[in-house]
Amino acid sequence: MSTAAPAEGQEAVDLLERTRQAVDPELRRAVASLPGSIRRIAMYHFGWEHADGRPSTGAGGKAIRPGLVLAAARALGGAPTMAVRAAAAVELTHNFTLLHDDIIDRDRTRRHRPTVWTVFGDADAILAGDAMQALALRLLADDPHPAAPAAAARLAACVMELCEGQHADTALEGRACDEVTLGETLAMAEAKTGALLGCACALGALYAGAGQDEVDAMDGFGREAGLAFQLIDDVIGIWGDPERTGKPAGADLAARKKSLPVVAALTSGTAAGGELAELYRRPMEVADLDRAADAVDRAGGRDWAQAEAADRMSRAVHLLSRAVPDPEAAGGLLALAEFVTRRTY
């Protein structure tokens, strides 16, 4: 299967490749400083080693969040090379959340390989995630850059918001379909996903020496783009190609997750929404997955999610123009935002 990027996404692909080249050495140095037993788990999670410790050439992720840190620094006139440690800290934080999310959701596959908890157990996966988060803050604490203290405080606040979002997500899963509103699901998604993308952009702005208004606008840009990202991710979670996503088809439906397209369908007042609610009242059989996906579609869940993602991107672009009025300077950030919201896997 071809993985060539469309021409309009090539700028983002190139930017992400440059990000990996700049940030991966810092990230590897940081992970190498972890205690041996934890280091082995982290190396496996990032795709750098197999479970038995043999070297692996697996990719550690798309590097969207560190890419935003460096692109934001560049857009505001800073030197991206000075923000590499901050970019690595953001990537460590993101991966800490992935380790914990996989345990909470009982996801068995990530990046085309078994998740950490299925290989090493829940306790080791939790501890590795905790260590990654501590390591992220240590990177900033040791950074001599004058923006590092403010960046560390902002990242710590972001982690608390991420935890709040995950707690809300877990609580929503335990509630009946008719007790969940679209507004609270959007708020949960902003906290769980938008917060870290906003923080990444804000850290880049801090390292560029930007003022508070620009930092806040960049945070808003990342949050709106992050919500657009989550909307598209939820669509892919239902209709994505397993060969490209690395996850089983319909995994979110099988887990009866109240993702954004699902909640839009459940609250649509349509007959198809009622069919979906009925399916969600009992454990989902394999034969039910296609029926559930079709019900979400007929109830307007997919169309709503795609339209809402476009609206959030429009808001993101407006906020970005406040911080970076020059479209050419903002090009890298726009390319990344469009890349993650136009993807199909």
# chains A, B, ... in the order shown; residues from 1 in each chain; ligands from 1
$ select_by_dssp --residues "segment 113-259 of chain A" --states "helix (DSSP H, G or I)" --output "PyMOL selection string"
chain A and resi 116-120+122-141+148-173+177-179+182-207+212-239+242-245+251-254
$ closest_atom_pairs --of "segment 167-271 of chain A" --to "segment 336-342 of chain A" --cutoff "9 Å" --atoms "only C-alpha atoms" --output "JSON lines"
{"residue": "A:Gly222", "atom": "CA", "partner": "A:Ala337", "partner_atom": "CA", "distance": 8.4}
{"residue": "A:Ala225", "atom": "CA", "partner": "A:Ala337", "partner_atom": "CA", "distance": 6.0}
{"residue": "A:Gly226", "atom": "CA", "partner": "A:Ala337", "partner_atom": "CA", "distance": 8.3}
{"residue": "A:Ala228", "atom": "CA", "partner": "A:Thr341", "partner_atom": "CA", "distance": 6.1}
{"residue": "A:Phe229", "atom": "CA", "partner": "A:Thr341", "partner_atom": "CA", "distance": 5.1}
{"residue": "A:Gln230", "atom": "CA", "partner": "A:Thr341", "partner_atom": "CA", "distance": 8.5}
{"residue": "A:Leu231", "atom": "CA", "partner": "A:Thr341", "partner_atom": "CA", "distance": 8.3}
{"residue": "A:Ile232", "atom": "CA", "partner": "A:Thr341", "partner_atom": "CA", "distance": 6.1}
{"residue": "A:Asp233", "atom": "CA", "partner": "A:Thr341", "partner_atom": "CA", "distance": 8.3}
$ write_last_selection --atoms "C-alpha atoms" --output "mmCIF file, in the first residue's frame"
data_model
loop_
_atom_site.group_PDB
_atom_site.id
_atom_site.type_symbol
_atom_site.label_atom_id
_atom_site.label_comp_id
_atom_site.auth_asym_id
_atom_site.auth_seq_id
_atom_site.Cartn_x
_atom_site.Cartn_y
_atom_site.Cartn_z
ATOM 1 C CA GLY A 222 -3.529 24.610 19.378
ATOM 2 C CA ALA A 225 -6.755 22.520 16.075
ATOM 3 C CA GLY A 226 -6.555 19.775 18.705
ATOM 4 C CA ALA A 228 -10.492 19.318 15.123
ATOM 5 C CA PHE A 229 -7.856 16.570 15.347
ATOM 6 C CA GLN A 230 -9.950 14.657 17.916
ATOM 7 C CA LEU A 231 -13.077 14.936 15.788
ATOM 8 C CA ILE A 232 -11.272 13.443 12.807
ATOM 9 C CA ASP A 233 -9.588 10.846 15.033
#
$ closest_residue --among "A:Ala63, A:Ala272, A:Leu162, A:Ala79" --to "Phe96 of chain A" --atoms "only C-alpha atoms"
A:Leu162
$ closest_residue --among "A:Glu243, A:Asp107, A:Asp122, A:Asp101" --to "Thr170 of chain A" --atoms "only C-alpha atoms"
A:Asp101
$ closest_residue --among "A:Arg20, A:Ala264, A:Leu137, A:Arg343" --to "Ala153 of chain A" --atoms "only C-alpha atoms"
A:Leu137
$ select_by_dssp --residues "segment 107-240 of chain A" --states "strand (DSSP E)" --output "JSON list (two decimals) with N, CA, C and O atoms, in the first residue's frame"
[["chain", "number", "residue", "atom", "x", "y", "z"],
["A", 109, "THR", "N", -3.63, -2.81, 20.94],
["A", 109, "THR", "CA", -2.73, -2.52, 19.83],
["A", 109, "THR", "C", -2.49, -1.03, 19.71],
["A", 109, "THR", "O", -3.43, -0.24, 19.83],
["A", 110, "ARG", "N", -1.23, -0.65, 19.50],
["A", 110, "ARG", "CA", -0.87, 0.74, 19.21],
["A", 110, "ARG", "C", 0.36, 0.72, 18.30],
["A", 110, "ARG", "O", 1.30, 0.00, 18.54],
["A", 113, "ARG", "N", 1.64, -2.70, 16.96],
["A", 113, "ARG", "CA", 2.27, -3.71, 17.82],
["A", 113, "ARG", "C", 1.49, -3.77, 19.14],
["A", 113, "ARG", "O", 0.73, -2.84, 19.45],
["A", 114, "PRO", "N", 1.65, -4.83, 19.93],
["A", 114, "PRO", "CA", 0.93, -4.94, 21.20],
["A", 114, "PRO", "C", 1.25, -3.77, 22.13],
["A", 114, "PRO", "O", 2.40, -3.31, 22.20]]
$ residues_around --residues "Gly300 of chain A" --least-positions-apart "3" --cutoff "12 Å" --atoms "only C-alpha atoms" --output "PDB file with C-alpha atoms, in the first residue's frame"
ATOM      1  CA  VAL A 235     -14.247   9.425  12.713  1.00  0.00           C
ATOM      2  CA  LEU A 260     -17.952  12.703  19.358  1.00  0.00           C
ATOM      3  CA  PRO A 261     -19.646  11.244  16.231  1.00  0.00           C
ATOM      4  CA  VAL A 262     -21.403   8.691  18.443  1.00  0.00           C
ATOM      5  CA  VAL A 263     -22.742  11.303  20.864  1.00  0.00           C
ATOM      6  CA  ALA A 264     -23.805  13.510  17.943  1.00  0.00           C
ATOM      7  CA  ALA A 265     -25.768  10.527  16.622  1.00  0.00           C
ATOM      8  CA  LEU A 266     -27.197   9.609  20.028  1.00  0.00           C
ATOM      9  CA  THR A 267     -28.448  13.169  20.590  1.00  0.00           C
ATOM     10  CA  SER A 268     -29.748  13.632  17.040  1.00  0.00           C
ATOM     11  CA  GLY A 269     -33.352  12.710  17.823  1.00  0.00           C
ATOM     12  CA  THR A 270     -33.385  10.422  14.767  1.00  0.00           C
ATOM     13  CA  ALA A 271     -34.555   6.837  14.407  1.00  0.00           C
ATOM     14  CA  ALA A 272     -30.973   5.855  13.565  1.00  0.00           C
ATOM     15  CA  GLY A 273     -29.832   7.467  16.814  1.00  0.00           C
ATOM     16  CA  LEU A 276     -27.514   3.116  18.032  1.00  0.00           C
ATOM     17  CA  ALA A 293     -21.282   2.339  12.203  1.00  0.00           C
ATOM     18  CA  ASP A 294     -24.158   2.599   9.735  1.00  0.00           C
ATOM     19  CA  ALA A 295     -26.446   3.968  12.437  1.00  0.00           C
ATOM     20  CA  VAL A 296     -23.923   6.661  13.378  1.00  0.00           C
ATOM     21  CA  ASP A 297     -23.673   7.624   9.716  1.00  0.00           C
ATOM     22  CA  ASP A 303     -21.236  14.586   8.751  1.00  0.00           C
ATOM     23  CA  TRP A 304     -21.512  16.585  11.970  1.00  0.00           C
ATOM     24  CA  ALA A 305     -18.006  15.607  13.120  1.00  0.00           C
ATOM     25  CA  GLN A 306     -16.469  16.569   9.793  1.00  0.00           C
ATOM     26  CA  ALA A 307     -18.323  19.900   9.685  1.00  0.00           C
ATOM     27  CA  GLU A 308     -17.414  20.653  13.305  1.00  0.00           C
TER      28      GLU A 308
END
